[in-house]
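Novice: Contents of coords_4.cif (mmCIF, C-alpha atoms) are below:
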data_query
#
loop_
_atom_site.label_atom_id
_atom_site.label_comp_id
_atom_site.auth_asym_id
_atom_site.auth_seq_id
_atom_site.Cartn_x
_atom_site.Cartn_y
_atom_site.Cartn_z
CA MET S 6 3.24 -32.40 -5.17
CA ARG S 7 4.06 -36.03 -4.54
CA SER S 8 1.16 -37.52 -2.76
CA SER S 9 -1.11 -40.49 -2.62
CA SER S 10 -4.84 -40.60 -3.28
CA GLY S 11 -6.24 -38.91 -6.36
CA TYR S 12 -2.85 -38.12 -7.85
CA VAL S 13 -2.22 -39.27 -11.40
CA GLU S 14 0.58 -38.44 -13.76
CA LEU S 15 -0.81 -38.07 -17.26
CA PRO S 16 0.60 -40.44 -19.87
CA THR S 17 1.25 -37.59 -22.27
CA GLY S 18 2.69 -34.15 -21.82
CA ALA S 19 6.15 -35.00 -20.50
CA ASP S 20 8.64 -33.42 -22.86
CA PRO S 21 12.31 -33.19 -21.96
CA ARG S 22 12.92 -30.56 -24.66
CA LEU S 23 10.46 -28.25 -22.91
CA GLY S 24 11.75 -29.14 -19.44
CA ILE S 25 8.47 -30.86 -18.58
CA GLU S 26 9.18 -33.96 -16.53
CA ALA S 27 5.58 -34.80 -15.72
CA VAL S 28 2.09 -33.36 -15.98
CA TRP S 29 -0.26 -34.37 -13.17
CA LEU S 30 -3.79 -34.00 -11.93
CA SER S 31 -5.10 -34.56 -8.43
CA LEU S 32 -8.76 -34.50 -7.43
CA ALA S 33 -9.26 -35.15 -3.73
CA ARG S 34 -12.35 -37.12 -2.73
CA GLN S 35 -11.67 -37.11 0.97
CA ALA S 36 -9.85 -34.98 3.51
CA SER S 37 -6.25 -36.03 3.89
CA ALA S 38 -2.74 -34.75 4.31
CA HIS S 39 -0.44 -35.21 1.35
CA ARG S 40 3.22 -35.62 2.11
CA VAL S 41 5.49 -33.71 -0.23
CA LEU S 42 9.00 -35.10 -0.40
CA PRO S 43 12.06 -33.13 -1.40
CA ASP S 44 12.99 -34.20 -4.93
CA GLY S 45 15.14 -31.39 -6.32
CA ARG S 46 12.29 -30.38 -8.61
CA CYS S 47 9.99 -27.35 -8.80
CA ASP S 48 6.34 -27.46 -9.82
CA ILE S 49 3.86 -24.98 -11.23
CA ILE S 50 0.48 -25.89 -9.76
CA LEU S 51 -3.07 -24.69 -10.40
CA ARG S 52 -5.38 -25.12 -7.40
CA PHE S 53 -9.17 -25.04 -7.78
CA CYS S 54 -12.49 -26.24 -6.41
CA ALA S 55 -13.57 -29.18 -8.54
CA SER S 56 -17.27 -28.40 -8.82
CA THR S 57 -19.56 -29.12 -11.73
CA GLY S 58 -19.55 -26.47 -14.41
CA PRO S 59 -16.79 -24.03 -15.26
CA ILE S 60 -13.84 -23.75 -12.89
CA LYS S 61 -13.51 -20.28 -11.39
CA HIS S 62 -11.00 -18.80 -8.96
CA ILE S 63 -7.96 -20.72 -10.06
CA SER S 64 -4.95 -20.19 -7.80
CA VAL S 65 -1.43 -20.46 -9.13
CA VAL S 66 1.28 -21.91 -6.91
CA VAL S 67 5.00 -22.20 -7.64
CA THR S 68 6.91 -24.56 -5.37
CA GLY S 69 10.63 -24.06 -4.98
CA PRO S 70 13.24 -26.76 -4.43
CA THR S 71 12.81 -28.22 -0.95
CA THR S 72 15.24 -29.89 1.39
CA ALA S 73 12.70 -31.30 3.84
CA HIS S 74 9.32 -33.02 3.68
CA TYR S 75 6.08 -31.26 4.54
CA ASP S 76 2.39 -32.13 4.61
CA VAL S 77 -0.29 -30.29 2.65
CA PRO S 78 -3.78 -30.50 4.18
CA ILE S 79 -6.31 -31.42 1.47
CA GLN S 80 -10.07 -30.84 1.66
CA PRO S 81 -12.55 -32.96 -0.33
CA GLY S 82 -13.35 -31.35 -3.68
CA MET S 83 -10.00 -29.61 -3.96
CA GLY S 84 -8.31 -30.10 -7.27
CA PHE S 85 -4.76 -29.58 -8.44
CA ALA S 86 -3.22 -29.61 -11.90
CA GLY S 87 0.53 -29.42 -11.96
CA ILE S 88 3.58 -29.56 -14.08
CA ARG S 89 6.89 -30.82 -12.73
CA LEU S 90 9.86 -29.00 -14.19
CA ARG S 91 13.05 -30.78 -15.12
CA PRO S 92 15.92 -29.38 -13.04
CA GLY S 93 17.66 -26.59 -14.93
CA PHE S 94 14.61 -25.17 -16.71
CA PHE S 95 13.13 -23.07 -13.89
CA GLN S 96 14.69 -19.72 -14.71
CA HIS S 97 14.00 -20.02 -18.42
CA ILE S 98 10.31 -20.65 -17.78
CA LEU S 99 9.69 -18.37 -14.80
CA GLY S 100 12.25 -15.64 -15.32
CA PHE S 101 13.98 -15.81 -11.95
CA LYS S 102 16.46 -18.12 -10.29
CA PRO S 103 15.11 -21.05 -8.24
CA VAL S 104 17.57 -20.37 -5.39
CA SER S 105 15.41 -17.45 -4.24
CA LEU S 106 12.56 -19.93 -3.74
CA ARG S 107 14.43 -22.59 -1.76
CA ASP S 108 12.08 -24.20 0.77
CA LYS S 109 9.41 -21.68 -0.19
CA THR S 110 6.19 -21.55 -2.12
CA LEU S 111 4.71 -18.59 -3.97
CA VAL S 112 0.92 -18.29 -4.22
CA ASP S 113 -1.23 -16.07 -6.46
CA ALA S 114 -0.20 -12.38 -6.19
CA ALA S 115 3.26 -13.28 -4.89
CA ALA S 116 3.80 -15.74 -7.75
CA ILE S 117 2.46 -13.34 -10.39
CA SER S 118 4.57 -10.52 -9.04
CA ALA S 119 7.69 -12.74 -9.33
CA SER S 120 6.68 -13.97 -12.80
CA PRO S 121 3.91 -11.85 -14.40
CA PRO S 122 3.10 -14.27 -17.28
CA LEU S 123 1.70 -16.70 -14.65
CA ALA S 124 -1.41 -14.49 -14.54
CA THR S 125 -2.55 -16.03 -17.83
CA LEU S 126 -2.92 -19.39 -16.06
CA CYS S 127 -5.63 -18.15 -13.69
CA THR S 128 -8.48 -17.41 -16.11
CA ASP S 129 -11.66 -19.50 -15.75
CA ALA S 130 -11.61 -22.98 -17.31
CA ILE S 131 -14.32 -25.21 -18.78
CA SER S 132 -13.17 -28.26 -16.81
CA PRO S 133 -10.21 -29.55 -14.76
CA GLU S 134 -9.14 -31.69 -17.72
CA THR S 135 -8.28 -28.58 -19.76
CA LEU S 136 -5.78 -27.33 -17.17
CA PRO S 137 -2.86 -29.68 -17.98
CA ASP S 138 -2.94 -28.46 -21.61
CA ARG S 139 -3.00 -24.90 -20.36
CA LEU S 140 0.15 -25.54 -18.31
CA ILE S 141 1.90 -27.22 -21.24
CA ALA S 142 1.01 -24.32 -23.54
CA PHE S 143 2.35 -21.90 -20.93
CA VAL S 144 5.71 -23.68 -20.75
CA ARG S 145 5.87 -23.95 -24.53
CA SER S 146 5.28 -20.20 -24.90
CA ARG S 147 8.00 -19.48 -22.34
CA ILE S 148 10.56 -21.82 -23.91
CA GLY S 149 9.71 -20.60 -27.40
CA GLN S 150 11.23 -22.17 -30.49
CA ASP S 151 14.51 -22.72 -28.71
CA HIS S 152 14.02 -26.29 -27.55
CA ALA S 153 17.28 -26.68 -25.68
CA PRO S 154 17.73 -23.73 -23.36
CA LEU S 155 20.31 -25.48 -21.20
CA PRO S 156 23.95 -24.86 -22.06
CA GLY S 157 25.73 -28.14 -22.88
CA GLN S 158 27.95 -27.96 -19.83
CA THR S 159 25.02 -27.43 -17.43
CA ARG S 160 23.15 -30.28 -19.08
CA ARG S 161 26.11 -32.67 -18.74
CA ILE S 162 26.75 -31.71 -15.10
CA LEU S 163 23.10 -32.16 -14.08
CA SER S 164 22.98 -35.40 -16.06
CA ALA S 165 26.01 -36.73 -14.16
CA PHE S 166 24.26 -36.06 -10.83
CA HIS S 167 21.08 -37.78 -12.01
CA ALA S 168 22.68 -40.74 -13.81
CA SER S 169 24.76 -41.53 -10.75
CA SER S 170 21.78 -40.88 -8.43
CA GLY S 171 23.90 -38.67 -6.23
CA ARG S 172 26.56 -41.34 -5.65
CA LEU S 173 29.50 -39.37 -7.05
CA PRO S 174 31.21 -36.81 -4.81
CA VAL S 175 30.97 -33.23 -6.11
CA GLN S 176 34.76 -33.19 -6.43
CA ASP S 177 34.60 -36.22 -8.78
CA ILE S 178 31.94 -34.61 -10.94
CA ALA S 179 34.02 -31.44 -11.15
CA GLN S 180 37.12 -33.40 -12.09
CA MET S 181 35.45 -35.54 -14.73
CA HIS S 182 34.23 -32.38 -16.47
CA GLY S 183 37.55 -30.57 -16.12
CA LEU S 184 36.02 -27.96 -13.80
CA SER S 185 36.66 -26.72 -10.29
CA ALA S 186 34.31 -27.78 -7.49
CA ARG S 187 33.41 -24.09 -7.13
CA THR S 188 32.22 -23.91 -10.74
CA VAL S 189 30.09 -27.02 -10.30
CA GLN S 190 28.70 -25.48 -7.11
CA ARG S 191 27.65 -22.36 -9.04
CA ILE S 192 26.19 -24.28 -12.00
CA VAL S 193 24.09 -26.58 -9.79
CA LEU S 194 22.92 -23.80 -7.48
CA ASP S 195 21.90 -21.65 -10.46
CA ALA S 196 20.11 -24.47 -12.25
CA THR S 197 18.38 -26.20 -9.33
CA GLY S 198 18.38 -23.72 -6.46
CA LEU S 199 20.17 -26.24 -4.24
CA PRO S 200 23.83 -26.69 -3.34
CA PRO S 201 25.27 -29.74 -5.16
CA LYS S 202 25.74 -31.76 -1.97
CA SER S 203 22.08 -31.36 -0.94
CA TYR S 204 20.99 -32.05 -4.50
CA ALA S 205 23.04 -35.27 -4.57
CA ARG S 206 21.72 -36.38 -1.14
CA ILE S 207 18.13 -35.87 -2.34
CA LEU S 208 18.68 -37.86 -5.56
CA GLN S 209 20.31 -40.62 -3.51
CA PHE S 210 17.37 -40.65 -1.06
CA HIS S 211 14.91 -41.03 -3.96
CA ARG S 212 16.79 -43.93 -5.45
CA ALA S 213 16.98 -45.66 -2.07
CA MET S 214 13.19 -45.41 -1.81
CA ARG S 215 12.75 -46.84 -5.30
CA LEU S 216 15.13 -49.70 -4.58
CA LEU S 217 13.25 -50.56 -1.39
CA ARG S 218 9.73 -50.09 -2.65
CA ASP S 219 9.74 -50.85 -6.37
CA HIS S 220 12.79 -53.07 -6.80
CA ARG S 221 12.07 -54.83 -3.47
CA LEU S 222 15.64 -54.88 -2.27
CA SER S 223 16.23 -55.64 1.40
CA PRO S 224 17.27 -52.61 3.49
CA SER S 225 20.89 -53.79 3.59
CA GLU S 226 21.01 -54.39 -0.19
CA ALA S 227 19.34 -51.04 -0.90
CA ALA S 228 21.76 -49.18 1.38
CA LEU S 229 24.74 -50.71 -0.42
CA GLU S 230 23.40 -50.11 -3.94
CA ALA S 231 22.28 -46.55 -3.17
CA GLY S 232 25.76 -45.76 -1.89
CA TYR S 233 25.17 -45.31 1.84
CA ALA S 234 27.95 -46.29 4.24
CA ASP S 235 25.54 -48.69 5.93
CA GLN S 236 21.89 -49.37 6.59
CA ALA S 237 21.79 -46.95 9.53
CA HIS S 238 22.85 -44.08 7.25
CA MET S 239 20.11 -44.92 4.78
CA ILE S 240 17.47 -45.12 7.51
CA HIS S 241 18.65 -41.76 8.82
CA ALA S 242 18.26 -40.26 5.29
CA LEU S 243 14.76 -41.75 4.89
CA ARG S 244 13.74 -40.19 8.18
CA ARG S 245 15.45 -36.85 7.54
CA PHE S 246 14.18 -36.25 3.99
CA GLY S 247 10.91 -38.13 4.10
CA GLY S 248 9.93 -38.66 7.72
CA LEU S 249 9.72 -42.31 6.70
CA SER S 250 10.97 -45.72 7.74
CA PRO S 251 11.67 -48.58 5.27
CA ALA S 252 8.44 -50.24 6.41
CA ARG S 253 6.32 -47.16 5.64
CA LEU S 254 7.10 -46.47 1.99
CA ALA S 255 4.04 -47.99 0.33
CA ASP S 256 1.97 -44.84 0.19
CA VAL S 257 4.37 -42.19 -1.05
CA THR S 258 4.50 -41.05 -4.64
CA LEU S 259 8.00 -40.98 -6.05
CA VAL S 260 9.35 -39.06 -8.97
CA THR S 261 9.09 -41.18 -12.08
CA LEU S 262 10.45 -40.43 -15.48
CA LYS S 263 8.77 -41.57 -18.64
CA GLU S 264 10.18 -42.02 -22.07
CA MET Y 26 16.20 -71.79 -21.32
CA THR Y 27 18.59 -70.19 -23.75
CA VAL Y 28 20.60 -67.02 -23.34
CA ARG Y 29 22.45 -65.16 -26.01
CA PHE Y 30 24.50 -61.99 -26.11
CA GLY Y 31 22.41 -59.38 -27.92
CA TYR Y 32 23.43 -55.82 -27.11
CA THR Y 33 26.14 -53.61 -25.80
CA ILE Y 34 24.50 -50.38 -24.70
CA LEU Y 35 26.52 -47.28 -23.94
CA TYR Y 36 24.91 -44.62 -21.75
CA VAL Y 37 25.75 -41.30 -23.35
CA PRO Y 38 24.96 -37.63 -22.70
CA ASP Y 39 23.52 -37.10 -26.20
CA VAL Y 40 22.29 -40.04 -28.31
CA ARG Y 41 21.88 -38.20 -31.62
CA GLU Y 42 25.28 -36.55 -31.34
CA THR Y 43 26.86 -39.93 -30.54
CA VAL Y 44 25.18 -41.61 -33.53
CA ALA Y 45 26.41 -38.84 -35.84
CA PHE Y 46 29.92 -39.33 -34.48
CA TYR Y 47 29.87 -43.12 -34.95
CA GLU Y 48 28.64 -42.64 -38.53
CA ALA Y 49 31.36 -40.13 -39.38
CA ALA Y 50 34.23 -41.67 -37.40
CA PHE Y 51 33.66 -45.39 -37.98
CA GLY Y 52 31.36 -45.52 -41.02
CA LEU Y 53 28.67 -47.40 -39.06
CA THR Y 54 25.05 -46.83 -40.00
CA LEU Y 55 21.94 -46.19 -37.96
CA ARG Y 56 19.42 -49.02 -37.63
CA PHE Y 57 16.89 -47.37 -35.33
CA VAL Y 58 16.39 -44.27 -33.26
CA HIS Y 59 13.49 -43.81 -30.83
CA GLU Y 60 11.50 -40.60 -31.36
CA SER Y 61 12.41 -39.47 -27.82
CA GLY Y 62 16.03 -39.36 -28.93
CA LEU Y 63 16.93 -41.39 -25.84
CA TYR Y 64 17.80 -44.66 -27.57
CA ALA Y 65 19.39 -45.69 -30.86
CA GLU Y 66 20.84 -48.82 -32.44
CA LEU Y 67 23.56 -49.12 -35.03
CA GLU Y 68 23.66 -51.66 -37.85
CA THR Y 69 26.30 -53.94 -36.31
CA GLY Y 70 25.17 -57.44 -37.19
CA ALA Y 71 24.37 -60.17 -34.67
CA VAL Y 72 25.41 -58.14 -31.62
CA THR Y 73 23.89 -54.69 -31.54
CA LEU Y 74 25.80 -51.62 -30.46
CA ALA Y 75 23.24 -49.25 -29.01
CA PHE Y 76 23.22 -45.91 -27.21
CA ALA Y 77 20.92 -44.87 -24.41
CA GLY Y 78 20.58 -41.38 -23.01
CA GLU Y 79 21.94 -41.04 -19.49
CA GLU Y 80 18.37 -40.14 -18.43
CA MET Y 81 17.51 -43.80 -19.08
CA ALA Y 82 19.68 -44.85 -16.14
CA GLU Y 83 17.55 -42.79 -13.75
CA MET Y 84 14.33 -43.94 -15.46
CA ASN Y 85 15.28 -47.55 -14.86
CA GLY Y 86 16.36 -47.00 -11.27
CA LEU Y 87 20.03 -47.59 -12.10
CA ALA Y 88 23.01 -45.56 -11.04
CA ILE Y 89 26.02 -45.31 -13.33
CA ARG Y 90 29.27 -43.40 -13.48
CA PRO Y 91 28.81 -41.42 -16.69
CA GLN Y 92 31.69 -41.44 -19.17
CA ARG Y 93 33.33 -38.07 -19.76
CA LYS Y 94 36.30 -37.12 -21.91
CA SER Y 95 38.38 -35.72 -19.06
CA ASP Y 96 37.70 -38.76 -16.84
CA PRO Y 97 39.74 -41.97 -17.30
CA ALA Y 98 38.06 -44.37 -19.71
CA GLN Y 99 35.79 -46.89 -18.06
CA ALA Y 100 36.86 -50.51 -17.69
CA VAL Y 101 35.38 -51.58 -21.00
CA GLU Y 102 36.12 -51.09 -24.69
CA ILE Y 103 34.23 -51.37 -27.96
CA ALA Y 104 36.29 -53.38 -30.45
CA LEU Y 105 35.55 -52.80 -34.14
CA ILE Y 106 37.03 -55.22 -36.65
CA CYS Y 107 38.27 -53.38 -39.75
CA ASP Y 108 39.69 -54.65 -43.04
CA ASP Y 109 42.16 -51.76 -42.89
CA PRO Y 110 42.78 -50.64 -39.28
CA GLN Y 111 45.14 -47.83 -40.27
CA SER Y 112 42.63 -46.16 -42.64
CA ALA Y 113 39.86 -46.70 -40.10
CA TRP Y 114 42.01 -45.11 -37.39
CA ASP Y 115 42.87 -42.14 -39.67
CA ARG Y 116 39.22 -41.56 -40.49
CA ALA Y 117 38.21 -41.73 -36.82
CA VAL Y 118 40.88 -39.24 -35.82
CA ALA Y 119 39.91 -36.93 -38.70
CA ALA Y 120 36.32 -37.05 -37.39
CA GLY Y 121 37.43 -35.91 -33.94
CA ALA Y 122 38.28 -39.12 -32.06
CA LEU Y 123 41.13 -38.81 -29.56
CA PRO Y 124 44.20 -40.51 -31.16
CA LEU Y 125 45.14 -42.69 -28.21
CA SER Y 126 47.38 -45.27 -29.86
CA PRO Y 127 48.07 -45.68 -33.60
CA PRO Y 128 47.58 -49.16 -35.08
CA GLN Y 129 50.47 -51.53 -34.36
CA THR Y 130 51.05 -55.17 -35.10
CA LYS Y 131 50.80 -57.23 -31.93
CA PRO Y 132 52.93 -60.36 -31.22
CA TRP Y 133 49.90 -62.50 -32.08
CA ASN Y 134 49.91 -60.84 -35.51
CA GLN Y 135 46.84 -58.68 -35.03
CA ILE Y 136 46.83 -54.97 -35.94
CA VAL Y 137 45.39 -52.98 -33.03
CA GLY Y 138 44.86 -49.25 -32.57
CA TYR Y 139 42.92 -47.29 -29.97
CA VAL Y 140 40.93 -44.06 -29.98
CA ARG Y 141 38.51 -42.54 -27.50
CA ASP Y 142 35.12 -41.54 -28.86
CA LEU Y 143 33.43 -38.15 -28.44
CA ASN Y 144 32.33 -39.09 -24.91
CA GLY Y 145 35.63 -40.64 -23.88
CA CYS Y 146 34.71 -44.29 -24.40
CA LEU Y 147 37.59 -46.53 -25.45
CA VAL Y 148 37.29 -47.88 -29.01
CA GLU Y 149 39.68 -50.47 -30.41
CA LEU Y 150 40.15 -50.65 -34.18
CA CYS Y 151 41.62 -54.01 -35.05
CA SER Y 152 42.19 -56.52 -37.82
CA ASP Y 153 40.14 -59.71 -37.97
CA MET Y 154 41.66 -62.64 -36.03
CA THR Y 155 38.74 -64.98 -36.65
CA ASN Y 156 39.72 -65.17 -40.29
CA PRO Y 157 43.51 -64.70 -40.50
CA ASN Y 158 44.98 -64.47 -43.97
#
Would you encode the structure as structure tokens?

Specialist:
Amino acid sequence: MRSSSGYVELPTGADPRLGIEAVWLSLARQASAHRVLPDGRCDIILRFCASTGPIKHISVVVTGPTTAHYDVPIQPGMGFAGIRLRPGFFQHILGFKPVSLRDKTLVDAAAISASPPLATLCTDAISPETLPDRLIAFVRSRIGQDHAPLPGQTRRILSAFHASSGRLPVQDIAQMHGLSARTVQRIVLDATGLPPKSYARILQFHRAMRLLRDHRLSPSEAALEAGYADQAHMIHALRRFGGLSPARLADVTLVTLKE
Amino acid sequence: MTVRFGYTILYVPDVRETVAFYEAAFGLTLRFVHESGLYAELETGAVTLAFAGEEMAEMNGLAIRPQRKSDPAQAVEIALICDDPQSAWDRAVAAGALPLSPPQTKPWNQIVGYVRDLNGCLVELCSDMTNPN
């Protein structure tokens, strides 16, 4: 979930060796709609009613890789604890390929049926603050002692997409790794659940938003640096992936990576 | 306002692996490695040669073309001054560097050889021209 009010990424918990990109908590104080942007990532989310006393009836939600934005209606008192998975780690942690979950979300029984160990996440909790640790422990138990489940080639290919923020054509990435475009297609689809072109477009879209919002580039500078043919192409991508215009970026939560 | 040249930082797929290679191939030593394994510095004197994980590019909002062995080398080279370029070149090649061009004496009387490192980055091994004998 990438949303505005009540969403905080915890300063600890991110661990690239475990495939944990971020651990987050969201406690809604007022009714709102949270916009979820496509980011090439999948999350495991625990949803609960943040009342005083022990937390009962915890729902587990697994979000697949998305290619379009959507809004989640939030009621006051709803709480979410989530873990954002680094692309490539999904299957190792959940036991099935992310491609089967493209643009989909699994909730409770459907999620547990797809990945039975998720059931352990739904037991009652003393407080919302204990849920991030529960998620981290879950991922750790799934990854086991083997801290680097990604094969070197997969890691380097995904890294090339990320480091270039989607600016390199798939054919270039294939060539620079001495592989065919078809092999890269298979590796990226297996690891992320998205075809490489969509994956690259999403990474490019995210960087454009960062350049506009955080680096304060003008729309024409951001379009050039993000690798769009022109400003119109960038604006089209902002609208297509985020339903946003350059003037309306202030309130979205973007993927951040921490050391 | 003063400005001085402090670092050359190579973005690499694996920082620890790259450090191990630079130790074995060029005899350089580690000055510092961050616990995340995403950044390391070598003991290279006034100008630091450092390595950053490619993830750092995305973290900082940058976009780079990552260096890979089967891609042409990028438009930059690391030049290491050696008292014996031939022995340095032999050691680098024995440690797995790509033997691009054996040391030769250039018209300006400098000995220059080239290898590519484990990631494909161009490394020049040369004699010292600042202190010609």

Novice: So, with only C-alpha atoms as the atoms that count, which of Y:Val137, Y:Leu74, Y:Ala104, Y:Leu63 lies closest to Y:Phe30?

Specialist: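 When distances to Y:Phe30 are compared using only C-alpha atoms, the smallest one comes from Y:Leu74.
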
Novice: Would you list the contacts of S:Val67 as a PyMOL selection string, taking every protein, DNA or RNA residue within 12 Å and counting only C-alpha atoms, but skipping same-chain residues closer than 6 positions in sequence?

Specialist: chain S and resi 6+46-52+86-90+95+98-99+101+103+105-120+123+126

Novice: Would you list the contacts of Y:Ile136 as a PDB file with C-alpha atoms, keeping the file's coordinate frame, taking every protein, DNA or RNA residue within 8 Å and counting all atoms listed in the file, but skipping same-chain residues closer than 6 positions in sequence?

Specialist:
ATOM      1  CA  PRO Y 110      42.780 -50.640 -39.280  1.00  0.00           C
ATOM      2  CA  PRO Y 128      47.580 -49.160 -35.080  1.00  0.00           C
ATOM      3  CA  GLN Y 129      50.470 -51.530 -34.360  1.00  0.00           C
ATOM      4  CA  THR Y 130      51.050 -55.170 -35.100  1.00  0.00           C
ATOM      5  CA  CYS Y 151      41.620 -54.010 -35.050  1.00  0.00           C
ATOM      6  CA  SER Y 152      42.190 -56.520 -37.820  1.00  0.00           C
TER       7      SER Y 152
END

Novice: Counting all atoms listed in the file, a student should be able to say which residues of chain Y come within 7 Å of chain S; what is the right answer, written as a PDB file with C-alpha atoms, in the frame of the given file?

Specialist:
ATOM      1  CA  PRO Y  38      24.960 -37.630 -22.700  1.00  0.00           C
ATOM      2  CA  SER Y  61      12.410 -39.470 -27.820  1.00  0.00           C
ATOM      3  CA  GLU Y  79      21.940 -41.040 -19.490  1.00  0.00           C
ATOM      4  CA  GLU Y  80      18.370 -40.140 -18.430  1.00  0.00           C
ATOM      5  CA  ALA Y  82      19.680 -44.850 -16.140  1.00  0.00           C
ATOM      6  CA  GLU Y  83      17.550 -42.790 -13.750  1.00  0.00           C
ATOM      7  CA  MET Y  84      14.330 -43.940 -15.460  1.00  0.00           C
ATOM      8  CA  GLY Y  86      16.360 -47.000 -11.270  1.00  0.00           C
ATOM      9  CA  ALA Y  88      23.010 -45.560 -11.040  1.00  0.00           C
ATOM     10  CA  ILE Y  89      26.020 -45.310 -13.330  1.00  0.00           C
ATOM     11  CA  ARG Y  90      29.270 -43.400 -13.480  1.00  0.00           C
ATOM     12  CA  PRO Y  91      28.810 -41.420 -16.690  1.00  0.00           C
ATOM     13  CA  ARG Y  93      33.330 -38.070 -19.760  1.00  0.00           C
ATOM     14  CA  SER Y  95      38.380 -35.720 -19.060  1.00  0.00           C
ATOM     15  CA  ASP Y  96      37.700 -38.760 -16.840  1.00  0.00           C
TER      16      ASP Y  96
END

Novice: Evaluate the PyMOL selection byres ((chain Y and resi 124) around 12) here and jot the selected residues down as a PyMOL selection string.

Specialist: chain Y and resi 50+111+113-123+125-128+138-143+145+147-150

Novice: Centre and edge lengths, as AutoDock Vina command-line options, for the axis-aligned box enclosing every listed atom of stretch 134-145 of chain Y with 8 Å of padding on each of the six sides, in Å to one decimal?

Specialist:
--center_x 41.1 --center_y -49.5 --center_z -29.9 --size_x 33.6 --size_y 38.7 --size_z 28.1

Novice: What's the separation between atom CA of Y:Met154 and atom CA of Y:Lys131, in Å to one decimal place?

Specialist: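 Atom-to-atom, atom CA of Y:Met154 to atom CA of Y:Lys131, that is 11.4 Å.
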
Novice: Taking only all heavy atoms, show stretch 118-122 of chain Y of the given structure as a compact mmCIF listing (two decimals), in the first residue's frame.

Specialist:
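Resulting contents of part28.txt:
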# COMPACT_ATOMS: atom_id res chain seq x y z
N VAL Y 118 45.72 -10.63 -14.04
CA VAL Y 118 45.20 -11.65 -14.97
C VAL Y 118 45.08 -13.00 -14.25
O VAL Y 118 44.08 -13.71 -14.42
CB VAL Y 118 46.09 -11.73 -16.23
CG1 VAL Y 118 45.70 -12.92 -17.10
CG2 VAL Y 118 45.99 -10.43 -17.03
N ALA Y 119 46.07 -13.30 -13.42
CA ALA Y 119 46.01 -14.57 -12.66
C ALA Y 119 44.80 -14.58 -11.73
O ALA Y 119 44.23 -15.63 -11.43
CB ALA Y 119 47.31 -14.77 -11.87
N ALA Y 120 44.38 -13.39 -11.27
CA ALA Y 120 43.24 -13.31 -10.34
C ALA Y 120 41.91 -13.26 -11.08
O ALA Y 120 40.86 -13.14 -10.46
CB ALA Y 120 43.40 -12.08 -9.45
N GLY Y 121 41.96 -13.30 -12.42
CA GLY Y 121 40.70 -13.38 -13.16
C GLY Y 121 40.34 -12.13 -13.95
O GLY Y 121 39.26 -12.07 -14.55
N ALA Y 122 41.24 -11.14 -13.99
CA ALA Y 122 40.96 -9.96 -14.82
C ALA Y 122 41.06 -10.33 -16.30
O ALA Y 122 41.83 -11.22 -16.66
CB ALA Y 122 41.96 -8.84 -14.50
